[in-house]
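Shown next: start11.cif, given as mmCIF, C-alpha atoms and all ligand atoms.
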```
data_entry
#
loop_
_atom_site.label_atom_id
_atom_site.label_comp_id
_atom_site.auth_asym_id
_atom_site.auth_seq_id
_atom_site.Cartn_x
_atom_site.Cartn_y
_atom_site.Cartn_z
CA MET A 71 22.43 137.27 -71.90
CA GLN A 72 25.18 137.96 -69.37
CA ALA A 73 28.33 139.83 -70.36
CA GLY A 74 31.10 137.28 -70.66
CA ALA A 75 28.93 134.93 -72.70
CA ARG A 76 30.45 133.64 -75.96
CA VAL A 77 29.32 135.28 -79.20
CA ALA A 78 30.31 134.19 -82.73
CA VAL A 79 30.18 136.89 -85.39
CA VAL A 80 30.15 135.44 -88.89
CA GLY A 81 31.45 137.74 -91.66
CA GLY A 82 34.45 140.04 -91.56
CA GLY A 83 32.99 142.87 -93.60
CA ILE A 84 32.53 146.29 -92.02
CA PHE A 85 29.24 145.27 -90.40
CA GLY A 86 30.67 142.11 -88.83
CA VAL A 87 33.84 143.87 -87.63
CA THR A 88 31.90 146.76 -86.11
CA SER A 89 29.47 144.38 -84.41
CA ALA A 90 32.38 142.33 -83.03
CA LEU A 91 34.05 145.47 -81.64
CA HIS A 92 30.88 146.69 -79.97
CA LEU A 93 30.09 143.27 -78.49
CA ASP A 94 33.65 143.13 -77.11
CA ARG A 95 33.23 146.55 -75.52
CA ALA A 96 29.98 145.36 -73.98
CA GLY A 97 31.92 142.57 -72.26
CA TYR A 98 31.14 139.55 -74.45
CA ASP A 99 33.72 136.97 -75.39
CA VAL A 100 33.75 137.37 -79.18
CA VAL A 101 35.14 135.28 -82.05
CA LEU A 102 34.93 136.78 -85.56
CA PHE A 103 34.88 134.26 -88.43
CA GLU A 104 35.81 135.32 -91.97
CA ARG A 105 36.07 132.89 -94.85
CA ASN A 106 38.51 135.07 -96.83
CA SER A 107 42.21 135.60 -96.16
CA ASP A 108 41.64 139.17 -94.89
CA LEU A 109 38.91 141.42 -93.57
CA LEU A 110 36.77 143.66 -95.82
CA LEU A 111 37.33 141.79 -99.07
CA GLY A 112 33.62 141.47 -99.93
CA ALA A 113 31.15 144.26 -100.69
CA SER A 114 32.85 146.38 -98.00
CA SER A 115 35.69 147.04 -100.44
CA THR A 116 33.98 146.56 -103.82
CA ASN A 117 31.53 149.43 -103.71
CA GLN A 118 31.33 153.04 -104.86
CA ARG A 119 33.06 154.22 -101.63
CA ARG A 120 30.59 156.96 -100.89
CA LEU A 121 29.96 157.79 -97.26
CA HIS A 122 26.32 158.51 -97.88
CA ARG A 123 24.55 161.35 -96.09
CA GLY A 124 21.30 160.99 -98.01
CA TYR A 125 21.65 162.96 -101.27
CA HIS A 126 21.38 159.72 -103.22
CA TYR A 127 17.95 158.76 -101.85
CA PRO A 128 15.33 161.41 -102.69
CA ARG A 129 12.75 158.63 -103.18
CA SER A 130 13.34 157.00 -99.80
CA ILE A 131 13.29 159.43 -96.89
CA ASP A 132 13.82 156.52 -94.48
CA THR A 133 17.07 155.53 -96.21
CA ALA A 134 18.23 159.15 -96.39
CA ARG A 135 17.43 159.62 -92.69
CA SER A 136 19.18 156.42 -91.61
CA VAL A 137 22.44 157.27 -93.40
CA LEU A 138 22.38 160.87 -92.20
CA ASP A 139 21.77 159.68 -88.65
CA GLY A 140 24.57 157.11 -88.94
CA VAL A 141 27.31 159.10 -90.57
CA GLY A 142 28.46 160.90 -87.41
CA SER A 143 28.95 157.70 -85.44
CA PHE A 144 30.76 156.09 -88.41
CA ALA A 145 33.12 159.08 -88.63
CA ALA A 146 33.72 158.96 -84.87
CA GLU A 147 34.50 155.22 -84.97
CA PHE A 148 36.61 155.24 -88.17
CA PRO A 149 37.82 158.86 -88.58
CA GLU A 150 40.92 158.18 -90.67
CA SER A 151 38.90 156.37 -93.32
CA VAL A 152 36.76 159.43 -94.11
CA VAL A 153 37.93 161.25 -97.26
CA SER A 154 36.68 164.83 -97.36
CA SER A 155 39.21 166.28 -99.77
CA CYS A 156 37.42 165.96 -103.10
CA ARG A 157 34.75 168.13 -104.73
CA ARG A 158 31.41 166.34 -104.80
CA TYR A 159 28.57 167.05 -107.18
CA VAL A 160 25.06 165.73 -107.60
CA ALA A 161 23.25 166.57 -110.84
CA ILE A 162 19.68 165.88 -111.93
CA ALA A 163 19.36 164.49 -115.45
CA ARG A 164 17.26 166.67 -117.74
CA GLU A 165 15.55 163.62 -119.28
CA LYS A 166 14.26 160.37 -117.80
CA SER A 167 14.99 161.32 -114.20
CA LEU A 168 12.53 159.94 -111.67
CA VAL A 169 12.90 163.13 -109.63
CA ASP A 170 12.93 166.66 -111.04
CA ALA A 171 15.15 169.47 -109.78
CA GLU A 172 12.40 171.26 -107.85
CA THR A 173 11.40 168.09 -106.01
CA PHE A 174 15.05 167.29 -105.32
CA LEU A 175 15.76 170.72 -103.83
CA GLY A 176 12.63 170.39 -101.69
CA PHE A 177 13.91 167.04 -100.44
CA LEU A 178 17.37 168.48 -99.61
CA ASP A 179 15.79 171.38 -97.73
CA HIS A 180 13.53 168.98 -95.84
CA MET A 181 16.55 166.87 -94.85
CA GLY A 182 18.72 169.89 -94.02
CA LEU A 183 21.35 168.69 -96.54
CA GLU A 184 23.71 171.45 -97.68
CA TYR A 185 24.15 172.42 -101.36
CA TYR A 186 24.82 175.23 -103.77
CA GLU A 187 24.49 175.34 -107.53
CA GLN A 188 27.80 174.69 -109.28
CA TYR A 189 28.86 172.83 -112.43
CA PRO A 190 32.07 170.83 -112.84
CA PRO A 191 33.91 171.91 -116.01
CA PHE A 192 33.49 168.56 -117.79
CA LEU A 193 29.71 168.30 -117.27
CA ARG A 194 27.50 168.83 -120.34
CA ARG A 195 25.20 171.49 -118.91
CA GLU A 196 22.52 170.82 -121.50
CA SER A 197 22.16 167.23 -120.23
CA VAL A 198 21.20 168.20 -116.67
CA GLU A 199 18.50 170.30 -115.08
CA ILE A 200 20.78 171.38 -112.26
CA SER A 201 24.15 170.51 -110.74
CA LEU A 202 24.87 170.99 -107.05
CA ARG A 203 28.06 171.02 -105.03
CA VAL A 204 27.28 168.96 -101.92
CA GLU A 205 28.73 168.07 -98.52
CA GLU A 206 29.51 164.38 -98.61
CA SER A 207 32.66 162.33 -98.06
CA GLY A 208 34.22 159.21 -99.47
CA ILE A 209 35.62 156.12 -97.79
CA ASP A 210 39.27 155.09 -97.99
CA VAL A 211 38.84 151.32 -97.83
CA ASP A 212 42.51 150.51 -97.24
CA ARG A 213 42.59 152.86 -94.27
CA LEU A 214 39.29 151.45 -93.06
CA ARG A 215 40.73 147.93 -93.15
CA GLY A 216 43.85 149.11 -91.31
CA LEU A 217 41.73 150.81 -88.65
CA CYS A 218 39.58 147.69 -88.24
CA TRP A 219 42.70 145.62 -87.65
CA ARG A 220 44.18 148.11 -85.17
CA LYS A 221 40.93 148.24 -83.19
CA LEU A 222 40.56 144.46 -83.22
CA GLN A 223 44.15 144.00 -82.08
CA ARG A 224 43.52 146.35 -79.17
CA SER A 225 40.35 144.44 -78.29
CA LEU A 226 39.89 140.91 -76.97
CA VAL A 227 38.10 139.78 -80.16
CA GLU A 228 39.60 136.60 -81.59
CA VAL A 229 39.73 136.84 -85.39
CA ARG A 230 39.74 133.63 -87.42
CA LEU A 231 40.52 134.10 -91.12
CA ARG A 232 40.05 131.47 -93.85
CA ALA A 233 37.27 130.20 -91.62
CA PRO A 234 34.02 129.57 -93.53
CA VAL A 235 31.49 128.43 -90.95
CA GLU A 236 28.00 126.98 -90.81
CA LEU A 237 25.62 127.21 -87.86
CA SER A 238 26.43 123.62 -86.99
CA ASP A 239 30.08 124.66 -86.38
CA LEU A 240 28.99 127.19 -83.77
CA GLU A 241 27.15 125.10 -81.20
CA ASP A 242 29.64 126.10 -78.48
CA PHE A 243 28.54 129.72 -78.68
CA ASP A 244 25.75 131.29 -76.64
CA HIS A 245 24.82 133.63 -79.48
CA VAL A 246 25.58 133.88 -83.21
CA VAL A 247 25.55 137.12 -85.22
CA LEU A 248 25.32 136.66 -89.00
CA ALA A 249 26.83 139.54 -90.99
CA THR A 250 27.43 137.75 -94.27
CA TYR A 251 25.52 140.12 -96.61
CA ALA A 252 24.93 138.42 -99.98
CA ALA A 253 25.66 135.05 -98.36
CA LEU A 254 23.14 135.57 -95.53
CA ASN A 255 20.84 132.82 -96.77
CA HIS A 256 23.65 130.28 -97.00
CA ILE A 257 23.17 130.09 -93.23
CA GLU A 258 19.63 131.44 -92.77
CA THR A 259 18.18 128.74 -95.00
CA THR A 260 19.31 126.23 -92.41
CA ILE A 261 17.02 127.94 -89.85
CA PRO A 262 13.48 126.72 -90.50
CA GLY A 263 11.13 129.43 -91.72
CA ARG A 264 13.63 132.28 -91.43
CA ALA A 265 15.24 132.71 -94.85
CA MET A 266 14.26 135.94 -96.65
CA GLN A 267 14.19 136.59 -100.36
CA TYR A 268 16.65 139.18 -101.65
CA LYS A 269 17.45 140.67 -105.01
CA PHE A 270 20.99 139.71 -105.98
CA GLU A 271 22.86 141.72 -108.59
CA VAL A 272 26.22 140.65 -109.95
CA CYS A 273 27.91 144.03 -110.39
CA GLU A 274 30.93 145.31 -112.30
CA LYS A 275 32.87 148.35 -111.08
CA PRO A 276 35.37 149.51 -113.71
CA VAL A 277 38.49 151.29 -112.40
CA VAL A 278 39.57 154.07 -114.74
CA LYS A 279 42.08 156.85 -115.22
CA LEU A 280 40.41 160.05 -116.37
CA PRO A 281 41.63 163.29 -118.00
CA PRO A 282 43.26 165.88 -115.64
CA GLU A 283 40.13 168.07 -115.38
CA TYR A 284 38.35 165.25 -113.51
CA ARG A 285 40.95 165.21 -110.73
CA ASP A 286 39.60 165.03 -107.16
CA THR A 287 36.00 165.26 -108.38
CA SER A 288 33.07 163.00 -107.64
CA LEU A 289 29.86 163.29 -109.63
CA ILE A 290 26.61 161.40 -109.64
CA ILE A 291 23.71 161.88 -112.04
CA LEU A 292 20.34 161.26 -110.39
CA ASP A 293 17.77 159.81 -110.36
CA GLY A 294 17.51 156.76 -112.55
CA PRO A 295 19.65 154.53 -114.78
CA PHE A 296 22.58 156.96 -114.91
CA MET A 297 26.27 157.14 -114.04
CA CYS A 298 28.73 158.26 -111.40
CA ILE A 299 32.48 158.66 -110.92
CA ASP A 300 34.31 158.63 -107.60
CA PRO A 301 38.04 159.04 -106.97
CA ILE A 302 39.75 156.09 -105.27
CA ALA A 303 41.58 157.56 -102.29
CA GLY A 304 45.36 157.51 -102.47
CA THR A 305 45.43 156.74 -106.22
CA ASP A 306 44.98 158.61 -109.51
CA THR A 307 42.12 156.30 -110.48
CA PHE A 308 38.34 156.45 -110.24
CA LEU A 309 35.49 154.01 -109.76
CA PHE A 310 33.05 154.21 -112.63
CA GLY A 311 29.43 153.46 -111.77
CA ASN A 312 26.33 152.97 -113.86
CA VAL A 313 22.98 151.97 -112.38
CA ALA A 314 22.03 149.85 -115.40
CA HIS A 315 25.27 148.72 -117.05
CA ALA A 316 26.98 147.68 -113.79
CA ILE A 317 24.60 144.75 -113.53
CA HIS A 318 25.59 141.56 -115.35
CA ALA A 319 22.90 139.39 -113.75
CA SER A 320 19.93 140.04 -111.47
CA THR A 321 17.82 137.46 -109.69
CA VAL A 322 15.29 137.46 -106.86
CA GLY A 323 15.41 134.47 -104.57
CA LEU A 324 17.18 132.91 -101.64
CA LEU A 325 20.65 132.64 -103.14
CA PRO A 326 22.54 134.56 -105.83
CA LEU A 327 23.00 132.99 -109.25
CA VAL A 328 26.36 133.96 -110.71
CA PRO A 329 26.67 133.37 -114.48
CA GLU A 330 29.41 130.85 -115.24
CA PRO A 331 31.91 133.29 -116.88
CA LEU A 332 31.79 135.56 -113.79
CA ILE A 333 32.27 132.96 -111.09
CA GLY A 334 36.03 133.43 -110.70
CA LEU A 335 35.76 137.23 -110.86
CA VAL A 336 33.42 137.94 -107.93
CA ASP A 337 35.14 139.42 -104.84
CA ASN A 338 38.48 138.50 -106.34
CA GLY A 339 40.17 141.89 -106.69
CA LEU A 340 40.90 143.93 -109.81
CA ARG A 341 40.64 141.92 -113.01
CA ARG A 342 42.58 143.45 -115.94
CA ASN A 343 40.98 142.99 -119.38
CA PRO A 344 37.97 141.23 -117.87
CA SER A 345 35.74 139.11 -120.03
CA PRO A 346 32.87 139.72 -119.99
CA THR A 347 32.87 143.47 -119.40
CA ASN A 348 30.27 146.18 -119.91
CA PHE A 349 32.94 148.91 -119.98
CA PRO A 350 32.02 150.17 -123.50
CA LEU A 351 28.42 150.62 -122.30
CA PHE A 352 29.63 152.58 -119.25
CA VAL A 353 31.47 154.97 -121.57
CA ALA A 354 28.57 155.28 -123.99
CA GLY A 355 26.13 155.98 -121.13
CA ALA A 356 28.41 158.56 -119.52
CA SER A 357 29.22 160.40 -122.77
CA GLU A 358 25.68 161.78 -122.69
CA PHE A 359 26.71 163.75 -119.59
CA LEU A 360 30.50 164.11 -119.62
CA VAL A 361 32.96 165.72 -122.00
CA GLY A 362 36.11 163.69 -122.61
CA ILE A 363 34.92 160.48 -120.95
CA GLU A 364 35.83 158.58 -124.14
CA GLN A 365 39.46 159.05 -123.02
CA ALA A 366 38.82 156.95 -119.90
CA ASP A 367 41.63 154.43 -119.57
CA HIS A 368 40.19 151.13 -118.30
CA MET A 369 42.59 149.72 -115.69
CA GLY A 370 40.39 146.70 -115.02
CA SER A 371 37.16 145.92 -113.18
CA LEU A 372 36.06 144.77 -109.76
CA PHE A 373 33.12 142.38 -109.47
CA THR A 374 30.86 141.71 -106.50
CA ILE A 375 27.32 140.71 -105.58
CA ARG A 376 24.95 143.36 -104.32
CA ALA A 377 22.05 142.18 -102.17
CA VAL A 378 19.04 144.45 -101.78
CA LEU A 379 15.44 143.97 -100.76
CA PRO A 380 13.31 142.76 -103.67
CA HIS A 381 10.63 144.94 -105.27
CA VAL A 382 11.92 148.32 -104.01
CA GLU A 383 12.50 149.81 -107.47
CA ASP A 384 9.94 152.58 -106.79
CA THR A 385 11.87 153.97 -103.84
CA ASP A 386 15.38 152.50 -104.28
CA ALA A 387 15.27 151.98 -100.49
CA ARG A 388 18.40 150.57 -98.85
CA PRO A 389 17.47 149.86 -95.23
CA THR A 390 19.87 148.22 -92.80
CA LEU A 391 17.96 145.48 -91.00
CA VAL A 392 19.01 143.89 -87.72
CA HIS A 393 16.77 140.91 -87.00
CA ARG A 394 16.49 138.59 -84.05
CA ILE A 395 16.05 135.33 -85.92
CA ASN A 396 15.60 133.18 -82.85
CA GLU A 397 16.78 133.19 -79.23
CA ARG A 398 20.33 132.34 -80.33
CA VAL A 399 20.80 133.96 -83.75
CA THR A 400 20.73 137.60 -84.89
CA SER A 401 21.26 138.73 -88.48
CA VAL A 402 22.53 142.01 -89.86
CA PHE A 403 21.56 142.84 -93.44
CA SER A 404 23.38 145.99 -94.46
CA GLY A 405 22.07 148.83 -96.55
CA LYS A 406 24.73 151.52 -96.48
CA ILE A 407 28.10 151.61 -94.72
CA SER A 408 27.37 154.75 -92.69
CA THR A 409 24.83 152.72 -90.67
CA CYS A 410 27.32 150.12 -89.42
CA VAL A 411 27.82 151.63 -85.96
CA ASP A 412 24.08 152.03 -85.41
CA ALA A 413 23.64 148.41 -86.54
CA ALA A 414 26.34 147.25 -84.10
CA ARG A 415 24.58 149.07 -81.24
CA GLU A 416 21.36 147.33 -82.17
CA VAL A 417 23.14 143.97 -82.21
CA VAL A 418 24.44 144.60 -78.68
CA ARG A 419 20.95 145.58 -77.54
CA ILE A 420 19.42 142.40 -78.97
CA VAL A 421 22.17 140.08 -77.74
CA GLY A 422 21.97 141.65 -74.29
CA ASP A 423 18.22 141.28 -73.98
CA PRO A 424 16.90 137.84 -74.90
CA THR A 425 13.38 139.27 -75.11
CA ALA A 426 14.31 142.21 -77.36
CA ALA A 427 12.25 142.56 -80.52
CA SER A 428 13.77 143.61 -83.83
CA ARG A 429 13.22 147.24 -84.75
CA PRO A 430 14.21 149.27 -87.81
CA LEU A 431 17.37 151.36 -87.46
C1 LIG A 501 28.35 147.63 -106.26
C2 LIG A 501 28.05 148.17 -104.88
C3 LIG A 501 28.20 149.52 -104.63
C4 LIG A 501 27.94 150.02 -103.35
N1 LIG A 501 28.21 151.32 -103.08
C5 LIG A 501 28.11 151.76 -101.81
C6 LIG A 501 28.56 153.05 -101.45
O1 LIG A 501 29.08 153.80 -102.26
N2 LIG A 501 28.39 153.44 -100.14
C7 LIG A 501 27.83 152.63 -99.20
O2 LIG A 501 27.68 153.04 -98.06
N3 LIG A 501 27.42 151.39 -99.50
C8 LIG A 501 27.57 150.93 -100.78
N4 LIG A 501 27.21 149.66 -101.08
C9 LIG A 501 26.67 148.80 -100.01
C10 LIG A 501 27.78 148.36 -99.06
O3 LIG A 501 28.97 148.14 -99.77
C11 LIG A 501 27.37 147.11 -98.32
O4 LIG A 501 26.11 147.31 -97.71
C12 LIG A 501 28.36 146.79 -97.20
O5 LIG A 501 29.68 147.01 -97.58
C13 LIG A 501 28.22 145.35 -96.84
O6 LIG A 501 29.02 145.13 -95.71
P1 LIG A 501 28.83 143.78 -94.94
O7 LIG A 501 29.82 143.75 -93.85
O8 LIG A 501 27.39 143.60 -94.60
O9 LIG A 501 29.13 142.68 -96.06
P2 LIG A 501 30.51 142.23 -96.74
O10 LIG A 501 31.49 143.32 -96.81
O11 LIG A 501 30.15 141.53 -98.02
O12 LIG A 501 31.05 141.20 -95.68
C14 LIG A 501 30.45 139.92 -95.52
C15 LIG A 501 31.58 138.97 -95.21
O13 LIG A 501 31.05 137.72 -94.82
C16 LIG A 501 31.97 136.73 -95.25
N5 LIG A 501 31.25 135.45 -95.22
C17 LIG A 501 30.16 135.10 -95.93
N6 LIG A 501 29.74 133.86 -95.58
C18 LIG A 501 30.60 133.42 -94.63
C19 LIG A 501 30.68 132.23 -93.86
N7 LIG A 501 29.79 131.24 -94.00
N8 LIG A 501 31.70 132.11 -92.96
C20 LIG A 501 32.60 133.11 -92.80
N9 LIG A 501 32.56 134.27 -93.51
C21 LIG A 501 31.56 134.42 -94.40
C22 LIG A 501 32.36 137.20 -96.64
O14 LIG A 501 33.57 136.62 -97.05
C23 LIG A 501 32.47 138.71 -96.42
O15 LIG A 501 33.79 139.12 -96.10
C24 LIG A 501 27.49 149.14 -102.34
C25 LIG A 501 27.35 147.78 -102.59
C26 LIG A 501 27.67 147.29 -103.84
C27 LIG A 501 27.60 145.83 -104.07
#
```
Please lay out the structure from this file as structure tokens.
Ligand SMILES: Cc1cc2nc3c(=O)[nH]c(=O)nc-3n(C[C@H](O)[C@H](O)[C@H](O)COP(=O)(O)OP(=O)(O)OC[C@H]3O[C@@H](n4cnc5c(N)ncnc54)[C@H](O)[C@@H]3O)c2cc1C
Amino acid sequence: MQAGARVAVVGGGIFGVTSALHLDRAGYDVVLFERNSDLLLGASSTNQRRLHRGYHYPRSIDTARSVLDGVGSFAAEFPESVVSSCRRYVAIAREKSLVDAETFLGFLDHMGLEYYEQYPPFLRRESVEISLRVEESGIDVDRLRGLCWRKLQRSLVEVRLRAPVELSDLEDFDHVVLATYAALNHIETTIPGRAMQYKFEVCEKPVVKLPPEYRDTSLIILDGPFMCIDPIAGTDTFLFGNVAHAIHASTVGLLPLVPEPLIGLVDNGLRRNPSPTNFPLFVAGASEFLVGIEQADHMGSLFTIRAVLPHVEDTDARPTLVHRINERVTSVFSGKISTCVDAAREVVRIVGDPTAASRPL
């Protein structure tokens, strides 16, 4: 397709914004449609805010490689959103971990990921096989949103907020890029034969205040149904994660099924005293590993829908997939945020070459 052609990008999360910026730079006439009142209000802000470099994925070398490959271009595109100031630890659970310490260290060496053995003061050493200080960063979502806006305002991209669209609204456009994440099938199901099944998980992310010794520290326990804590940049609060207890509902299919009590909570900001909440289970699960976690002060919880490929429990793979759906429509299904610039480059390649085949990032 010729530069100057009209492209609609649907979805103002980080993948849609980055694709819109790259298409604009490539000379296309771009309109970005977002159904919410601002950009990055979906999964791009309700997540654990880790700028992954691969430590998290010892069972999926492809995922680890894709995030490690992507992180440099993300940091170059959105430098002010990268938070490098906190101490980051990865520990391997002594029991029930799917990966043991020796295998994990072998994986890190294979990937060239930096580490040294170190234990945060609040970690129960008897509960882990090893704890490592690692080189990873976080994401400041507010800064990321600000940067997205500044870049869009300097570009020729037209941003339309409060603009939920269907394919039938976009017939004036030469090409459509779908970057709607958990809502991908709301549009893909209208394209015969192209909808894919996903696993949809309705997730809770409690926001907590923690005792002073936790300050500026991020910790994840691998590799299985364990916990993590990550400071929220610019605040004295943390995001509390738990692989099992975060999930209120999980379904495999074309569209997510949100249980009735959670409908108003999803992608709707911090909910104080949420009902339902799994917060007591988060604390119980974490107390196996952390001293003093019972003092966590629950400020409220964020809720969102995670979409992942179905049946990847063995590897926990999180690929980012850019697919040419037909000659007019391309979809971006995101795995991890650090791949968004690579995904945008792939979108430009596909839009620019009507014969281009999809390829993994
Ligand atoms: C609980 C959780 C924790 C995670 N933790 C991390 C992490 O620590 N690090 C990491 O790298 N990744 C993490 N991820 C994954 C990451 O957050 C997502 O892959 C990424 O943010 C998704 O970005 P996106 O732009 O594809 O989707 P979104 O940010 O969800 O954006 C999609 C947008 O499309 C809009 N939209 C949908 N349908 C329409 C329509 N018809 N018309 C107009 N607009 C529409 C939505 O309103 C939304 O704004 C996590 C995900 C979850 C759910």
Between A:Ser428, A:Ser225, A:Thr250, A:Thr259, single out the one closest to ligand LIG 501 (chain A), counting all atoms listed in the file. A:Thr250
In the coordinates of the file, take the point (33.6, 145.6, -88.7) and a cut-off of 10 Å; then, counting only C-alpha atoms, name each qualifying protein, DNA or RNA residue as a VMD selection string. chain A and resid 79 81 to 92 102 109 to 110 114 214 to 215 217 to 219 221 to 222 249 410 to 411 414
Using all atoms listed in the file, pick whichever of A:Leu175, A:Ala146, A:Ile375, A:Val421 has the shortest atom-to-atom distance to Ala78 of chain A.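 Among A:Leu175, A:Ala146, A:Ile375, A:Val421, it is A:Val421 that comes nearest to Ala78 of chain A.
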Got a sec: who's within 10 Å of segment 280-282 of chain A, counting only C-alpha atoms, leaving out chain neighbours fewer than 6 positions off, as a ChimeraX atom specification? /A:192,299,301,306-308,361-368
Here atom CA of Ser357 of chain A and atom CA of Ala161 of chain A stand apart by 14.7 Å
If the limit is 7 Å from any atom of ligand LIG 501 (chain A), counting all atoms listed in the file, which residues qualify? Return them as number ranges by chain. A: 80-86, 103-106, 109-122, 233-236, 249-254, 256-257, 273-275, 374-377, 402-408
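As for atom CA of Val204 of chain A and atom CA of Leu431 of chain A, they are spaced 24.8 Å apart.
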Taking only C-alpha atoms into account, which of A:Glu187, A:Val153, A:Pro329, A:Thr409 comes nearest Arg123 of chain A? A:Thr409
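Proximity ranking of A:Val247, A:Val272, A:Val137, A:Val160 relative to Glu416 of chain A places A:Val247 first, based on all atoms listed in the file.
Reported to one decimal place, the separation of atom CA of Leu231 of chain A from atom CA of Met71 of chain A is 26.6 Å.
The closest residue to Gly124 of chain A, picked from A:Leu327, A:Val417, A:Ala387, A:Met266 and counting only C-alpha atoms, is A:Ala387.
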Using all atoms listed in the file, find the one residue out of A:Gly74, A:Pro128, A:Pro190, A:Pro149 that sits nearest to Gly294 of chain A.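 When distances to Gly294 of chain A are compared using all atoms listed in the file, the smallest one comes from A:Pro128.
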